[in-house]
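Participant: Please find work38.tsv (TSV, N, CA and C atoms) on the next line:
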```
chain	number	residue	atom	x	y	z
A	1	MET	N	76.01	93.99	86.87
A	1	MET	CA	76.45	93.44	85.62
A	1	MET	C	76.84	92.00	85.85
A	2	LYS	N	76.37	91.14	84.98
A	2	LYS	CA	76.71	89.73	85.04
A	2	LYS	C	77.87	89.48	84.09
A	3	LEU	N	78.86	88.72	84.53
A	3	LEU	CA	80.02	88.40	83.71
A	3	LEU	C	79.96	86.92	83.36
A	4	HIS	N	80.28	86.60	82.13
A	4	HIS	CA	80.29	85.21	81.68
A	4	HIS	C	81.72	84.81	81.38
A	5	LEU	N	82.27	83.99	82.27
A	5	LEU	CA	83.65	83.57	82.12
A	5	LEU	C	83.75	82.06	82.28
A	6	ALA	N	84.59	81.47	81.51
A	6	ALA	CA	84.92	80.07	81.73
A	6	ALA	C	85.95	80.03	82.84
A	7	ASN	N	85.85	79.10	83.73
A	7	ASN	CA	86.77	79.02	84.85
A	7	ASN	C	87.36	77.62	84.96
A	8	PRO	N	88.16	77.22	83.99
A	8	PRO	CA	88.72	75.87	84.02
A	8	PRO	C	89.81	75.70	85.05
A	9	THR	N	90.38	76.78	85.55
A	9	THR	CA	91.52	76.68	86.46
A	9	THR	C	91.12	76.60	87.92
A	10	GLY	N	89.86	76.87	88.23
A	10	GLY	CA	89.42	76.80	89.62
A	10	GLY	C	89.82	78.00	90.46
A	11	ILE	N	90.24	79.10	89.87
A	11	ILE	CA	90.58	80.29	90.63
A	11	ILE	C	89.34	81.09	90.96
A	12	ASN	N	89.44	81.95	91.94
A	12	ASN	CA	88.34	82.84	92.30
A	12	ASN	C	88.14	83.87	91.20
A	13	LEU	N	86.93	83.96	90.68
A	13	LEU	CA	86.59	84.96	89.67
A	13	LEU	C	85.30	85.67	90.08
A	14	ILE	N	85.16	86.89	89.63
A	14	ILE	CA	83.95	87.66	89.89
A	14	ILE	C	82.94	87.33	88.80
A	15	THR	N	81.78	86.85	89.20
A	15	THR	CA	80.78	86.41	88.23
A	15	THR	C	79.68	87.44	88.01
A	16	ALA	N	79.58	88.44	88.90
A	16	ALA	CA	78.63	89.54	88.73
A	16	ALA	C	78.96	90.61	89.76
A	17	TYR	N	78.47	91.82	89.49
A	17	TYR	CA	78.60	92.90	90.46
A	17	TYR	C	77.52	93.93	90.20
A	18	GLY	N	77.22	94.71	91.22
A	18	GLY	CA	76.23	95.77	91.12
A	18	GLY	C	76.52	96.83	92.16
A	19	ASP	N	75.59	97.76	92.34
A	19	ASP	CA	75.82	98.86	93.27
A	19	ASP	C	76.08	98.40	94.70
A	20	ALA	N	75.46	97.34	95.14
A	20	ALA	CA	75.58	96.94	96.54
A	20	ALA	C	76.01	95.49	96.71
A	21	PHE	N	76.66	94.91	95.71
A	21	PHE	CA	77.11	93.53	95.83
A	21	PHE	C	78.25	93.22	94.86
A	22	VAL	N	78.99	92.19	95.20
A	22	VAL	CA	79.95	91.55	94.31
A	22	VAL	C	79.71	90.06	94.45
A	23	GLU	N	79.65	89.38	93.33
A	23	GLU	CA	79.42	87.94	93.33
A	23	GLU	C	80.73	87.25	92.93
A	24	VAL	N	81.22	86.37	93.80
A	24	VAL	CA	82.46	85.63	93.55
A	24	VAL	C	82.09	84.16	93.40
A	25	ASN	N	82.45	83.59	92.27
A	25	ASN	CA	82.13	82.18	91.99
A	25	ASN	C	80.65	81.89	92.26
A	26	ARG	N	79.80	82.82	91.83
A	26	ARG	CA	78.34	82.74	91.95
A	26	ARG	C	77.81	82.85	93.38
A	27	GLU	N	78.65	83.32	94.31
A	27	GLU	CA	78.21	83.55	95.68
A	27	GLU	C	78.18	85.06	95.92
A	28	ARG	N	76.99	85.58	96.20
A	28	ARG	CA	76.79	87.02	96.36
A	28	ARG	C	77.30	87.48	97.72
A	29	ARG	N	78.03	88.60	97.69
A	29	ARG	CA	78.56	89.21	98.90
A	29	ARG	C	78.14	90.67	98.93
A	30	SER	N	77.63	91.11	100.06
A	30	SER	CA	77.11	92.47	100.16
A	30	SER	C	77.95	93.37	101.06
A	31	SER	N	79.17	92.95	101.34
A	31	SER	CA	80.09	93.77	102.12
A	31	SER	C	81.46	93.75	101.46
A	32	SER	N	82.30	94.67	101.85
A	32	SER	CA	83.62	94.80	101.24
A	32	SER	C	84.44	93.53	101.43
A	33	LEU	N	85.33	93.27	100.48
A	33	LEU	CA	86.08	92.03	100.49
A	33	LEU	C	87.46	92.19	99.88
A	34	ILE	N	88.32	91.25	100.21
A	34	ILE	CA	89.63	91.11	99.60
A	34	ILE	C	89.58	89.81	98.81
A	35	LEU	N	89.98	89.89	97.56
A	35	LEU	CA	89.90	88.73	96.68
A	35	LEU	C	91.23	88.51	95.99
A	36	LEU	N	91.71	87.28	96.04
A	36	LEU	CA	92.89	86.84	95.31
A	36	LEU	C	92.50	85.58	94.57
A	37	PRO	N	93.28	85.16	93.58
A	37	PRO	CA	92.92	83.94	92.86
A	37	PRO	C	92.72	82.73	93.77
A	38	ASP	N	93.44	82.70	94.90
A	38	ASP	CA	93.35	81.55	95.79
A	38	ASP	C	92.87	81.88	97.20
A	39	ALA	N	92.32	83.08	97.40
A	39	ALA	CA	91.86	83.47	98.73
A	39	ALA	C	90.71	84.47	98.63
A	40	LEU	N	89.89	84.47	99.66
A	40	LEU	CA	88.76	85.39	99.75
A	40	LEU	C	88.57	85.71	101.23
A	41	ALA	N	88.49	87.01	101.55
A	41	ALA	CA	88.34	87.40	102.95
A	41	ALA	C	87.44	88.62	103.06
A	42	ASP	N	86.74	88.72	104.19
A	42	ASP	CA	85.98	89.93	104.48
A	42	ASP	C	86.98	91.06	104.71
A	43	TRP	N	86.54	92.28	104.42
A	43	TRP	CA	87.39	93.45	104.59
A	43	TRP	C	86.57	94.50	105.30
A	44	PRO	N	86.92	94.86	106.53
A	44	PRO	CA	86.08	95.76	107.32
A	44	PRO	C	86.18	97.23	106.90
A	45	VAL	N	85.73	97.52	105.68
A	45	VAL	CA	85.70	98.89	105.16
A	45	VAL	C	84.29	99.12	104.62
A	46	ALA	N	83.53	99.98	105.28
A	46	ALA	CA	82.15	100.22	104.86
A	46	ALA	C	82.04	101.26	103.76
A	47	SER	N	83.03	102.14	103.66
A	47	SER	CA	83.00	103.18	102.64
A	47	SER	C	84.42	103.69	102.41
A	48	PHE	N	84.59	104.44	101.34
A	48	PHE	CA	85.90	105.01	101.04
A	48	PHE	C	86.38	105.89	102.18
A	49	ASP	N	85.48	106.63	102.79
A	49	ASP	CA	85.85	107.52	103.89
A	49	ASP	C	86.35	106.76	105.11
A	50	GLY	N	86.02	105.48	105.22
A	50	GLY	CA	86.48	104.65	106.32
A	50	GLY	C	87.80	103.96	106.05
A	51	LEU	N	88.38	104.20	104.90
A	51	LEU	CA	89.64	103.56	104.52
A	51	LEU	C	90.80	104.18	105.29
A	52	GLY	N	91.60	103.33	105.92
A	52	GLY	CA	92.73	103.82	106.71
A	52	GLY	C	93.97	102.97	106.49
A	53	HIS	N	95.02	103.34	107.19
A	53	HIS	CA	96.29	102.62	107.10
A	53	HIS	C	96.12	101.13	107.39
A	54	ASP	N	95.40	100.82	108.44
A	54	ASP	CA	95.28	99.43	108.87
A	54	ASP	C	94.71	98.54	107.77
A	55	GLN	N	93.68	99.03	107.08
A	55	GLN	CA	93.05	98.21	106.05
A	55	GLN	C	93.99	97.97	104.86
A	56	LEU	N	94.76	98.96	104.48
A	56	LEU	CA	95.68	98.78	103.35
A	56	LEU	C	96.96	98.07	103.78
A	57	ASP	N	97.45	98.33	104.99
A	57	ASP	CA	98.64	97.63	105.48
A	57	ASP	C	98.40	96.13	105.54
A	58	HIS	N	97.18	95.73	105.85
A	58	HIS	CA	96.80	94.32	105.95
A	58	HIS	C	97.05	93.58	104.63
A	59	LEU	N	96.97	94.27	103.51
A	59	LEU	CA	97.13	93.63	102.20
A	59	LEU	C	98.55	93.16	101.94
A	60	VAL	N	99.53	93.73	102.62
A	60	VAL	CA	100.94	93.35	102.43
A	60	VAL	C	101.13	91.86	102.73
A	61	ALA	N	100.43	91.34	103.72
A	61	ALA	CA	100.58	89.94	104.13
A	61	ALA	C	100.24	88.96	103.01
A	62	TYR	N	99.39	89.37	102.06
A	62	TYR	CA	99.01	88.49	100.95
A	62	TYR	C	100.10	88.41	99.88
A	63	ARG	N	101.02	89.34	99.87
A	63	ARG	CA	102.16	89.40	98.94
A	63	ARG	C	101.77	89.41	97.45
A	64	PRO	N	100.77	90.16	97.06
A	64	PRO	CA	100.48	90.26	95.63
A	64	PRO	C	101.49	91.17	94.95
A	65	ALA	N	101.60	91.08	93.66
A	65	ALA	CA	102.42	92.03	92.91
A	65	ALA	C	101.67	93.34	92.72
A	66	LEU	N	100.33	93.25	92.68
A	66	LEU	CA	99.48	94.40	92.40
A	66	LEU	C	98.19	94.31	93.20
A	67	VAL	N	97.78	95.43	93.77
A	67	VAL	CA	96.48	95.54	94.44
A	67	VAL	C	95.60	96.45	93.60
A	68	LEU	N	94.40	95.97	93.30
A	68	LEU	CA	93.38	96.78	92.65
A	68	LEU	C	92.43	97.26	93.73
A	69	LEU	N	92.40	98.55	93.97
A	69	LEU	CA	91.53	99.11	94.99
A	69	LEU	C	90.26	99.61	94.34
A	70	GLY	N	89.15	98.93	94.62
A	70	GLY	CA	87.83	99.35	94.14
A	70	GLY	C	87.27	100.34	95.14
A	71	THR	N	87.13	101.60	94.76
A	71	THR	CA	86.81	102.68	95.69
A	71	THR	C	85.32	102.91	95.89
A	72	GLY	N	84.48	102.01	95.43
A	72	GLY	CA	83.03	102.17	95.57
A	72	GLY	C	82.39	102.50	94.24
A	73	ARG	N	81.25	103.17	94.29
A	73	ARG	CA	80.49	103.47	93.07
A	73	ARG	C	81.20	104.43	92.13
A	74	ARG	N	82.07	105.26	92.71
A	74	ARG	CA	82.80	106.19	91.86
A	74	ARG	C	84.29	106.12	92.17
A	75	HIS	N	85.07	106.52	91.21
A	75	HIS	CA	86.52	106.52	91.36
A	75	HIS	C	86.92	107.65	92.29
A	76	ARG	N	87.66	107.29	93.31
A	76	ARG	CA	88.19	108.28	94.25
A	76	ARG	C	89.67	108.03	94.43
A	77	PHE	N	90.39	109.03	94.84
A	77	PHE	CA	91.84	108.96	94.94
A	77	PHE	C	92.28	108.91	96.41
A	78	PRO	N	92.84	107.77	96.84
A	78	PRO	CA	93.32	107.70	98.23
A	78	PRO	C	94.59	108.53	98.37
A	79	HIS	N	94.77	109.09	99.55
A	79	HIS	CA	96.00	109.84	99.81
A	79	HIS	C	97.18	108.87	99.79
A	80	PRO	N	98.29	109.22	99.15
A	80	PRO	CA	99.44	108.31	99.06
A	80	PRO	C	99.95	107.84	100.42
A	81	ASP	N	99.76	108.62	101.45
A	81	ASP	CA	100.19	108.22	102.78
A	81	ASP	C	99.48	106.95	103.24
A	82	LEU	N	98.25	106.71	102.76
A	82	LEU	CA	97.49	105.53	103.16
A	82	LEU	C	98.11	104.22	102.67
A	83	TYR	N	98.79	104.27	101.54
A	83	TYR	CA	99.34	103.02	101.00
A	83	TYR	C	100.87	102.98	101.03
A	84	ARG	N	101.46	103.67	101.98
A	84	ARG	CA	102.91	103.69	102.15
A	84	ARG	C	103.48	102.29	102.38
A	85	ALA	N	102.79	101.45	103.14
A	85	ALA	CA	103.29	100.10	103.42
A	85	ALA	C	103.34	99.26	102.14
A	86	LEU	N	102.38	99.45	101.24
A	86	LEU	CA	102.40	98.73	99.97
A	86	LEU	C	103.61	99.15	99.14
A	87	ILE	N	103.85	100.45	99.08
A	87	ILE	CA	105.00	100.95	98.32
A	87	ILE	C	106.30	100.39	98.91
A	88	ALA	N	106.43	100.43	100.23
A	88	ALA	CA	107.64	99.93	100.89
A	88	ALA	C	107.86	98.44	100.61
A	89	ALA	N	106.77	97.69	100.43
A	89	ALA	CA	106.88	96.25	100.15
A	89	ALA	C	107.03	95.97	98.66
A	90	GLY	N	107.05	97.00	97.83
A	90	GLY	CA	107.20	96.79	96.38
A	90	GLY	C	105.93	96.30	95.71
A	91	ILE	N	104.78	96.59	96.32
A	91	ILE	CA	103.48	96.16	95.79
A	91	ILE	C	102.83	97.34	95.09
A	92	GLY	N	102.43	97.14	93.84
A	92	GLY	CA	101.78	98.20	93.09
A	92	GLY	C	100.33	98.39	93.53
A	93	LEU	N	99.81	99.59	93.32
A	93	LEU	CA	98.41	99.88	93.65
A	93	LEU	C	97.79	100.64	92.50
A	94	GLU	N	96.64	100.18	92.07
A	94	GLU	CA	95.82	100.89	91.08
A	94	GLU	C	94.46	101.10	91.71
A	95	HIS	N	93.93	102.29	91.63
A	95	HIS	CA	92.62	102.56	92.20
A	95	HIS	C	91.66	102.95	91.08
A	96	MET	N	90.42	102.49	91.24
A	96	MET	CA	89.36	102.71	90.25
A	96	MET	C	88.04	102.42	90.93
A	97	ASP	N	86.93	102.74	90.26
A	97	ASP	CA	85.65	102.38	90.87
A	97	ASP	C	85.57	100.85	90.99
A	98	THR	N	84.70	100.38	91.86
A	98	THR	CA	84.66	98.94	92.15
A	98	THR	C	84.29	98.11	90.92
A	99	GLY	N	83.39	98.59	90.07
A	99	GLY	CA	83.05	97.85	88.85
A	99	GLY	C	84.27	97.65	87.95
A	100	ALA	N	85.03	98.70	87.74
A	100	ALA	CA	86.25	98.61	86.92
A	100	ALA	C	87.26	97.67	87.57
A	101	ALA	N	87.37	97.72	88.90
A	101	ALA	CA	88.29	96.83	89.59
A	101	ALA	C	87.88	95.37	89.42
A	102	CYS	N	86.57	95.10	89.43
A	102	CYS	CA	86.07	93.73	89.23
A	102	CYS	C	86.47	93.22	87.84
A	103	ARG	N	86.24	94.03	86.83
A	103	ARG	CA	86.57	93.62	85.46
A	103	ARG	C	88.07	93.42	85.28
A	104	THR	N	88.86	94.33	85.82
A	104	THR	CA	90.32	94.25	85.70
A	104	THR	C	90.86	93.05	86.45
A	105	TYR	N	90.33	92.80	87.64
A	105	TYR	CA	90.76	91.64	88.42
A	105	TYR	C	90.58	90.35	87.62
A	106	ASN	N	89.42	90.16	87.02
A	106	ASN	CA	89.17	88.92	86.28
A	106	ASN	C	90.18	88.71	85.16
A	107	ILE	N	90.50	89.77	84.45
A	107	ILE	CA	91.47	89.65	83.36
A	107	ILE	C	92.84	89.25	83.90
A	108	LEU	N	93.31	89.94	84.92
A	108	LEU	CA	94.64	89.65	85.46
A	108	LEU	C	94.71	88.30	86.15
A	109	ALA	N	93.67	87.93	86.89
A	109	ALA	CA	93.66	86.62	87.55
A	109	ALA	C	93.65	85.49	86.53
A	110	ALA	N	92.88	85.66	85.45
A	110	ALA	CA	92.82	84.63	84.40
A	110	ALA	C	94.16	84.49	83.68
A	111	GLU	N	94.95	85.55	83.67
A	111	GLU	CA	96.30	85.50	83.08
A	111	GLU	C	97.31	84.88	84.02
A	112	GLY	N	96.91	84.56	85.25
A	112	GLY	CA	97.83	83.97	86.21
A	112	GLY	C	98.66	84.99	86.97
A	113	ARG	N	98.26	86.24	86.96
A	113	ARG	CA	99.01	87.29	87.64
A	113	ARG	C	98.77	87.24	89.15
A	114	ALA	N	99.74	87.71	89.91
A	114	ALA	CA	99.64	87.78	91.37
A	114	ALA	C	98.93	89.07	91.74
A	115	VAL	N	97.60	89.03	91.65
A	115	VAL	CA	96.77	90.22	91.85
A	115	VAL	C	95.85	90.03	93.04
A	116	ALA	N	95.60	91.12	93.73
A	116	ALA	CA	94.60	91.15	94.80
A	116	ALA	C	93.63	92.28	94.50
A	117	ALA	N	92.36	92.04	94.75
A	117	ALA	CA	91.36	93.09	94.62
A	117	ALA	C	90.83	93.40	96.01
A	118	ALA	N	90.94	94.66	96.40
A	118	ALA	CA	90.38	95.13	97.65
A	118	ALA	C	89.18	95.98	97.25
A	119	LEU	N	87.98	95.41	97.43
A	119	LEU	CA	86.78	95.98	96.85
A	119	LEU	C	85.86	96.56	97.91
A	120	ILE	N	85.60	97.85	97.83
A	120	ILE	CA	84.65	98.49	98.73
A	120	ILE	C	83.25	98.32	98.12
A	121	VAL	N	82.39	97.64	98.87
A	121	VAL	CA	81.01	97.43	98.46
A	121	VAL	C	80.15	98.31	99.35
A	122	GLU	N	79.52	99.30	98.73
A	122	GLU	CA	78.71	100.24	99.48
A	122	GLU	C	77.26	99.78	99.53
A	123	ALA	N	76.66	99.92	100.70
A	123	ALA	CA	75.26	99.51	100.88
A	123	ALA	C	74.34	100.47	100.17
```
What's the structure tokens form of this structure?
Facilitator:
Amino acid sequence: MKLHLANPTGINLITAYGDAFVEVNRERRSSSLILLPDALADWPVASFDGLGHDQLDHLVAYRPALVLLGTGRRHRFPHPDLYRALIAAGIGLEHMDTGAACRTYNILAAEGRAVAAALIVEA
């Protein structure tokens, strides 16, 4: 799906997404990523089944108010034990399929919210 957004603020926005890619500021990425309005990083998670404490604990360092976890092509529910570090740091977590996380991220980032998207991109 291609998204048409005006980006006058210069923040990172998702410009398109599909089954095996996410496009950030018109740059296509075919692997999982962490996205914030002012940062973009690779995320070594190949699938939802590969998601562990280390990958979610890493998000605490970014200090977002909310993490949107894109769980891949379908919505899956991570075990609460996996995101214990986020809860302890007072960081909210919402999980949804990656397409929904892309759309939600753009809305919250455009509003100036302290949001991070941790997006699983499945090959």
Participant: Counting only C-alpha atoms, which of A:Leu82, A:Leu40, A:Ile87, A:Ile14 gets nearest to Tyr105 of chain A?
Facilitator: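 Closest residue, counting only C-alpha atoms: A:Ile14.
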Participant: Between atom N of Arg76 of chain A and atom CA of Ile11 of chain A, measure the distance and give it in Å to one decimal.
Facilitator: 27.3 Å
Participant: Looking at all atoms listed in the file, which of A:Gly10, A:Gly18, A:Pro64, A:Gly70 is the one that sits closest to Phe48 of chain A?
Facilitator: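 The closest residue to Phe48 of chain A is A:Gly70.
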Participant: Pull the strand (DSSP E or B) assignments for segment 8-87 of chain A out of DSSP run on the backbone, and list those residues as a PyMOL selection string.
Facilitator: chain A and resi 14-18+21-24+27-29+33-36+39-42+66-70
Participant: Measuring between only C-alpha atoms, which one of A:Asp38, A:Asp49, A:Glu27, A:Asp97 shows the shortest distance to Ala118 of chain A?
Facilitator: A:Asp97
Participant: Env of Ala123 of chain A: 7 Å cut, atoms = all atoms listed in the file, seq-sep filter 3 positions within chain, self excluded. Answer as a ChimeraX atom specification.
Facilitator: /A:19-20,30,46
Participant: Calculated over only C-alpha atoms, which of the candidates A:Asp81, A:Glu111, A:Glu122, A:Glu94 has the smallest distance to Gly50 of chain A?
Facilitator: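 Once distances to Gly50 of chain A are computed over only C-alpha atoms, the minimum belongs to A:Glu122.
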Participant: Between A:Leu35, A:Pro80, A:Arg103, A:Thr71, which one has atoms that come closest to Ala117 of chain A, using all atoms listed in the file?
Facilitator: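 Once distances to Ala117 of chain A are computed over all atoms listed in the file, the minimum belongs to A:Leu35.
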Participant: At what distance in Å, to one decimal, does atom C of Pro37 of chain A lie from atom CA of Ala100 of chain A?
Facilitator: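 That distance, rounded to one decimal, is 18.5 Å.
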Participant: Based on DSSP run over this structure's backbone, return all residues of segment 26-98 of chain A in helix (DSSP H, G or I), as JSON, numbers by chain.
Facilitator: {"A": [48, 49, 50, 53, 54, 55, 56, 57, 58, 59, 60, 61, 62, 80, 81, 82, 83, 84, 85, 86, 87, 88, 98]}
Participant: Would you mind reading off the distance between atom N of Val67 of chain A and atom N of Gly92 of chain A, one decimal, in Å?
Facilitator: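 Interatomic distance here is 5.0 Å.
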Participant: Find, counting all atoms listed in the file, the residue in A:Val45, A:Leu13, A:Ala101, A:Leu51 that gets nearest to Leu68 of chain A.
Facilitator: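 When distances to Leu68 of chain A are compared using all atoms listed in the file, the smallest one comes from A:Ala101.
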Participant: Taking 3 positions as the minimum chain separation for residues in the same chain, which residues sit within 12 Å of Ala89 of chain A when counting only C-alpha atoms? Answer as a compact mmCIF listing (two decimals) with N, CA and C atoms, in the coordinates of the input.
Facilitator:
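Result written to out_31.txt:
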```
# COMPACT_ATOMS: atom_id res chain seq x y z
N LEU A 56 94.76 98.96 104.48
CA LEU A 56 95.68 98.78 103.35
C LEU A 56 96.96 98.07 103.78
N ASP A 57 97.45 98.33 104.99
CA ASP A 57 98.64 97.63 105.48
C ASP A 57 98.40 96.13 105.54
N HIS A 58 97.18 95.73 105.85
CA HIS A 58 96.80 94.32 105.95
C HIS A 58 97.05 93.58 104.63
N LEU A 59 96.97 94.27 103.51
CA LEU A 59 97.13 93.63 102.20
C LEU A 59 98.55 93.16 101.94
N VAL A 60 99.53 93.73 102.62
CA VAL A 60 100.94 93.35 102.43
C VAL A 60 101.13 91.86 102.73
N ALA A 61 100.43 91.34 103.72
CA ALA A 61 100.58 89.94 104.13
C ALA A 61 100.24 88.96 103.01
N TYR A 62 99.39 89.37 102.06
CA TYR A 62 99.01 88.49 100.95
C TYR A 62 100.10 88.41 99.88
N ARG A 63 101.02 89.34 99.87
CA ARG A 63 102.16 89.40 98.94
C ARG A 63 101.77 89.41 97.45
N PRO A 64 100.77 90.16 97.06
CA PRO A 64 100.48 90.26 95.63
C PRO A 64 101.49 91.17 94.95
N ALA A 65 101.60 91.08 93.66
CA ALA A 65 102.42 92.03 92.91
C ALA A 65 101.67 93.34 92.72
N LEU A 66 100.33 93.25 92.68
CA LEU A 66 99.48 94.40 92.40
C LEU A 66 98.19 94.31 93.20
N VAL A 67 97.78 95.43 93.77
CA VAL A 67 96.48 95.54 94.44
C VAL A 67 95.60 96.45 93.60
N TYR A 83 98.79 104.27 101.54
CA TYR A 83 99.34 103.02 101.00
C TYR A 83 100.87 102.98 101.03
N ARG A 84 101.46 103.67 101.98
CA ARG A 84 102.91 103.69 102.15
C ARG A 84 103.48 102.29 102.38
N ALA A 85 102.79 101.45 103.14
CA ALA A 85 103.29 100.10 103.42
C ALA A 85 103.34 99.26 102.14
N LEU A 86 102.38 99.45 101.24
CA LEU A 86 102.40 98.73 99.97
C LEU A 86 103.61 99.15 99.14
N GLY A 92 102.43 97.14 93.84
CA GLY A 92 101.78 98.20 93.09
C GLY A 92 100.33 98.39 93.53
N LEU A 93 99.81 99.59 93.32
CA LEU A 93 98.41 99.88 93.65
C LEU A 93 97.79 100.64 92.50
```
Participant: Which centre and edge lengths in Å to one decimal define the box along x, y and z that fits every listed atom of segment 10-15 of chain A plus 4 Å per side, as JSON?
Facilitator:
```
{"center_x": 85.1, "center_y": 82.2, "center_z": 90.2, "size_x": 18.9, "size_y": 18.9, "size_z": 12.3}
```
Participant: Fewer than 6 positions away in the same chain doesn't count, so skip those; otherwise give me all residues within 6 Å of segment 72-75 of chain A, counting only C-alpha atoms, as a ChimeraX atom specification.
Facilitator: /A:96-98,120-121
